Amino acid sequence: MYKIVTKKELTPNVKFFEVHAPAVAHKSKPGQFVIVRGKETGERLPITIAGTDPEKGTVDIYFAEVGKSSTELGLLEEGDSILNFAGPLGNSVKIENYGKILCVGGGVFVGAMLYQIEAFKEAGNHVTAVFGYRNKDHVILEEEVKAIADETYISTDDGSYGYEGMSIVEQLLEKNKYDHVFTIGPTSLQKNLSDMTKPYEIPTNVNLFPIMVDGMGMCGACRVTVGGSTLFSCVDGPEFDGHEVDFDELIMRMRVYNPQEKIAMVVKKMEAEQ
Amino acid sequence: MAFNKPAIDMPKQMPEERIHNFEEVARGYTKELALEEAARCLQCKNPQCIKGCPVNIDIPAFIKLISEEKYIEAAKKIKETNALPAICGRVCPQENQCQKFCIVGIRGDPIEIGRLERFAADYERDAGVEMPEVVKDSGHKVAVVGAGPAGLTVAAELKKSGHHVEMFEALHVAGGVLMYGIPQFRLPKEIVQAEVQYIKKLGVDIHLDNMIGKLYTVQELFDEGYESVFIGSGAGLPRFLNLPGENLSGIYSANEFLIRTNLMKAYRFPEYDTPINIGEKVAVIGGGNVAMDAARCSLRLGAEEVHIIYRRGMTELPARHEEVENAEEEGIIFTLLNNPTKFISDGRGNVKEIELIRMELGEPDDSGRRRPRPIPGSEWRLPIDTVVIAIGQSPNPIIQQTTEGLETTRWGTIITDEETMLTTIEGVYAGGDVVSGAATVISAMGAGKKAAQAINEYLKKKES
């Protein structure tokens with residue numbers, strides 16, 4: 001069992017947990033993920049690691065309540081325990097001095113992006129951060145990223161706060177010469193960004209999170225076509241060359257259980273009402 | 001030659017009933033049936049059956065104890081050499097092992113050794129298992145990686161020798177393939193967990209959620225003070241066909257399909273959160289036990305038409321005869337002498353059809369089986385909602401990649417000494433599917449026994 005040391009409700013559906021898992025905290029690096037199972041009937045949820053405190057023995061995660069398992073995970077309170085917390089899994093992002101880099105984070109994944117940015121800064125990079133959100137109400141970690149990155153731009157899909165959509169990224173790519181681009185966020189964002197950086201021939205690392213079950217290379221649910229070969233996101237990734245990923249296939253594969261997610265939520269609601 | 005009575009059948013759930021539930025198909029012998037079957041054993045002076053057992057169970061001795069109605073003693077006799085009898089009694093391919101050598105079997109049905117083993121183990125479990133006496137602490141510390149059949153065997157053996165044993169399991173539950181692979185209706189998970197509990201009660205610590213190679217490397221285990229490490233990480237990496245359209249939704253590896261169904265209990269969705277898509281028509285590619293398991297799960301998940309697609313014929317099916325028979329009884333369609341060539345999309349990313357090509361059998365190949373070859377121009381299409389690819393598993397590569405000096409074959413299996421299971425690193429032993437490639441539960445346990453013996457000797461040698 002893994003105790004929730006700190007819990008924060010950042011937006012109505014985004015939660016932050018600081019989880020006591022000393023061995024995981026000791027080993028985790030930016031880009032890696034944990035598999036979390038809140039209770040016996042829960043799914044194995046892959047969640048990207050967003051920071052650690054090896055001395056306290058804690059691991060930080062941000063997650064959005066998008067399905068039944070994640071919604072129930074969000075109901076746990078400080079002092080409660082998570083049943084399973086396995087990691088660190090997957091490969092870490094290669095941290096080195098690339099020079100001038102652009103880091104684009106989206107939605108709940110800005111926490112994981114911030115973890116990468118801290119490491120990139122420490123390695124001597126000049127970091128331009130673009131953090132994107134659905135709208136003003138979903139903006140999180142703005143102050144935190146501004147305190148670390150050399151330049152920070154905030155955007156929202158509807159323009160209700162900061163820049164609108166991906167326009168700022170287009171402007172930045174036009175005006176500046178970046179040595180490398182890193183992104184983690186909704187798959188559509190990672191796809192759009194990869195499409196945008198391709199004409200500039202800027203190496204672009206994406207961090208994918210397809211559907212996973214074990215997260216340890218056993219099931220192949222997370223298989224993704226990269227440069228024409230089938231790879232497993234959990235053990236071969238989750239970081240890949242964004243210019244080589246078949247995003248259309250990935251997006252289709254990620255939708256496959258949408259009907260079941262809805263059923264599970266409806267049943268849950270009916271049970272709660274009874 | 002005396003007339004041999006035929007073997008006593010084991011009661012089973014009727015096919016029309018069992019295809020709608022996940023409860024165990026075979027119900028096990030009653031006391032009366034067990035006594036009747038045990039009475040058929042000749043108690044040979046020179047028993048051949050033991051030769052066929054990878055863990056050398058004293059088979060005539062435990063059958064004699066059953067005849068004397070000393071059921072718990074019978075279970076204890078088995079446990080002298082086999083820590084997991086309730087499991088082996090259910091999933092061992094006895095027809096190719098102990099029962100193959102049974103003298104009674106020369107002129108009639110061999111003794112149903114597996115069914116008797118299961119009976120004794122179940123009887124003991126229901127009566128409440130007595131723990132063996134605690135052995136004096138040897139002062140030695142051993143790490144066992146992977147809590148599947150090989151690892152559990154090593155852990156039990158080494159604990160009985162007085163060593164401090166800790167197990168590291170990557171998944172959220174111990175048991176390995178017994179939990180994630182073999183379905184509930186063939187091996188109830190409660191029985192696996194009862195055997196795991198026995199090993200925990202012996203004093204073995206099991207750390208779940210611990211993926212060795214990621215959380216700790218093998219070297220780090222030595223740094224932590226473990227004097228020897230056993231690797232039993234299994235064959236968890238699914239193989240795919242590498243055919244066009246294989247990444248369409250609705251196409252599962254057998255591992256994913258069985259992990260969702262067994263480990264995550266998707267058959268109880270939405271009570272359990274993990275879903276599975278089944279549809280009406282399912283095709284399982286492959287002819288082994290895993291393929292039979294996937295096909296039979298599909299029926300129970302609500303599929304109406306389930307095909308086993310295999311490139312050879314009925315007599316070449318690698319699955320156990322008993323499993324093929326169960327599948328046939330349940331209405332699985334054997335679409336044999338066919339091989340998939342591609343998967344066709346419905347235009348929205350889901351599989352809609354499989355293109356198959358008919359095969360014929362030519363000359364025997366290296367394995368002695370007749371080599372299948374495609375009949376040119378015989379392609380046809382089978383409409384399908386779900387495909388399960390059950391063509392085998394390779395070893396999970398993480399430990400091999402993160403352990404310097406650990407040599408592997410070109411198939412990714414760990415190289416070991418055949419007798420001691422010693423790897424290319426001093427103090428590191430390996431066994432089970434990670435060494436043999438995907439094989440049986442009992443062969444993994446046999447390797448575990450050999451390794452435990454070698455580790456014992458290694459630790460003893462270190463003392464002197």
# chains A, B, ... in the order shown; residues from 1 in each chain; ligands from 1
$ select_by_dssp --residues "stretch 53-182 of chain B" --states "alpha helix (DSSP H)" --output "PyMOL selection string"
chain B and resi 59-67+71-79+85-91+98-101+113-127+149-160+177-180
$ residues_around --residues "B:Ala74" --least-positions-apart "2" --cutoff "9 Å" --atoms "only C-alpha atoms" --output "PDB file with N, CA and C atoms, in the first residue's frame"
ATOM      1  N   ALA B  61       3.524 -44.001  -3.737  1.00  0.00           N
ATOM      2  CA  ALA B  61       3.370 -43.798  -2.289  1.00  0.00           C
ATOM      3  C   ALA B  61       2.148 -42.925  -1.991  1.00  0.00           C
ATOM      4  N   PHE B  62       1.960 -41.839  -2.758  1.00  0.00           N
ATOM      5  CA  PHE B  62       0.819 -40.975  -2.417  1.00  0.00           C
ATOM      6  C   PHE B  62      -0.493 -41.649  -2.820  1.00  0.00           C
ATOM      7  N   ILE B  63      -0.456 -42.464  -3.884  1.00  0.00           N
ATOM      8  CA  ILE B  63      -1.697 -43.159  -4.269  1.00  0.00           C
ATOM      9  C   ILE B  63      -2.059 -44.213  -3.218  1.00  0.00           C
ATOM     10  N   LYS B  64      -1.034 -44.865  -2.662  1.00  0.00           N
ATOM     11  CA  LYS B  64      -1.277 -45.855  -1.606  1.00  0.00           C
ATOM     12  C   LYS B  64      -1.922 -45.179  -0.389  1.00  0.00           C
ATOM     13  N   LEU B  65      -1.415 -43.993  -0.037  1.00  0.00           N
ATOM     14  CA  LEU B  65      -1.991 -43.268   1.105  1.00  0.00           C
ATOM     15  C   LEU B  65      -3.454 -42.912   0.842  1.00  0.00           C
ATOM     16  N   ILE B  66      -3.772 -42.575  -0.421  1.00  0.00           N
ATOM     17  CA  ILE B  66      -5.178 -42.296  -0.743  1.00  0.00           C
ATOM     18  C   ILE B  66      -6.004 -43.567  -0.529  1.00  0.00           C
ATOM     19  N   GLU B  69      -7.114 -44.137   2.743  1.00  0.00           N
ATOM     20  CA  GLU B  69      -7.930 -43.000   3.206  1.00  0.00           C
ATOM     21  C   GLU B  69      -7.130 -42.012   4.042  1.00  0.00           C
ATOM     22  N   LYS B  70      -5.806 -42.032   3.860  1.00  0.00           N
ATOM     23  CA  LYS B  70      -4.962 -41.045   4.565  1.00  0.00           C
ATOM     24  C   LYS B  70      -4.703 -39.893   3.590  1.00  0.00           C
ATOM     25  N   TYR B  71      -5.752 -39.095   3.365  1.00  0.00           N
ATOM     26  CA  TYR B  71      -5.691 -38.091   2.299  1.00  0.00           C
ATOM     27  C   TYR B  71      -4.695 -36.966   2.593  1.00  0.00           C
ATOM     28  N   ILE B  72      -4.678 -36.532   3.850  1.00  0.00           N
ATOM     29  CA  ILE B  72      -3.773 -35.421   4.193  1.00  0.00           C
ATOM     30  C   ILE B  72      -2.322 -35.885   4.093  1.00  0.00           C
ATOM     31  N   LYS B  76       0.713 -34.437   1.837  1.00  0.00           N
ATOM     32  CA  LYS B  76       2.039 -34.117   2.392  1.00  0.00           C
ATOM     33  C   LYS B  76       3.142 -34.851   1.633  1.00  0.00           C
ATOM     34  N   LYS B  77       2.834 -36.086   1.264  1.00  0.00           N
ATOM     35  CA  LYS B  77       3.811 -36.873   0.490  1.00  0.00           C
ATOM     36  C   LYS B  77       4.129 -36.144  -0.828  1.00  0.00           C
ATOM     37  N   ILE B  78       3.094 -35.652  -1.501  1.00  0.00           N
ATOM     38  CA  ILE B  78       3.318 -34.929  -2.762  1.00  0.00           C
ATOM     39  C   ILE B  78       4.131 -33.663  -2.499  1.00  0.00           C
ATOM     40  N   LYS B  79       3.779 -32.978  -1.421  1.00  0.00           N
ATOM     41  CA  LYS B  79       4.440 -31.695  -1.133  1.00  0.00           C
ATOM     42  C   LYS B  79       5.913 -31.849  -0.754  1.00  0.00           C
ATOM     43  N   GLU B 117      -3.840 -36.473  -7.713  1.00  0.00           N
ATOM     44  CA  GLU B 117      -3.015 -35.420  -7.104  1.00  0.00           C
ATOM     45  C   GLU B 117      -3.900 -34.236  -6.723  1.00  0.00           C
ATOM     46  N   ALA B 120      -6.080 -35.046  -3.635  1.00  0.00           N
ATOM     47  CA  ALA B 120      -5.359 -34.989  -2.353  1.00  0.00           C
ATOM     48  C   ALA B 120      -5.095 -33.539  -1.954  1.00  0.00           C
ATOM     49  N   ALA B 121      -4.676 -32.732  -2.922  1.00  0.00           N
ATOM     50  CA  ALA B 121      -4.344 -31.330  -2.626  1.00  0.00           C
ATOM     51  C   ALA B 121      -5.594 -30.549  -2.216  1.00  0.00           C
ATOM     52  N   GLU B 124      -6.700 -31.551   1.293  1.00  0.00           N
ATOM     53  CA  GLU B 124      -5.865 -30.942   2.333  1.00  0.00           C
ATOM     54  C   GLU B 124      -6.210 -29.461   2.509  1.00  0.00           C
TER      55      GLU B 124
END
$ residues_around --residues "A:Gly57" --least-positions-apart "5" --cutoff "6 Å" --atoms "only C-alpha atoms" --output "PyMOL selection string"
chain A and resi 20-22+25
$ atom_distance --atom1 "atom CA of A:Lys177" --atom2 "atom CA of A:His243"
17.8 Å
$ atom_distance --atom1 "atom CA of B:Val435" --atom2 "atom CA of B:Glu95"
23.7 Å
$ interface_residues --of "chain B" --to "chain A" --cutoff "10 Å" --atoms "only C-alpha atoms" --output "number ranges by chain"
B: 170-173, 208-216, 235-240, 242, 246-260, 263-266, 268-277, 348-350, 393-398
$ residues_around --residues "stretch 135-144 of chain A" --least-positions-apart "2" --cutoff "6 Å" --atoms "only C-alpha atoms" --output "count of residues only"
7
$ atom_distance --atom1 "atom CA of B:His164" --atom2 "atom CA of B:His140"
5.9 Å
$ select_by_dssp --residues "stretch 152-229 of chain A" --states "strand (DSSP E)" --output "ChimeraX atom specification"
/A:152-156,163-164,180-184,204-207,223-226,229
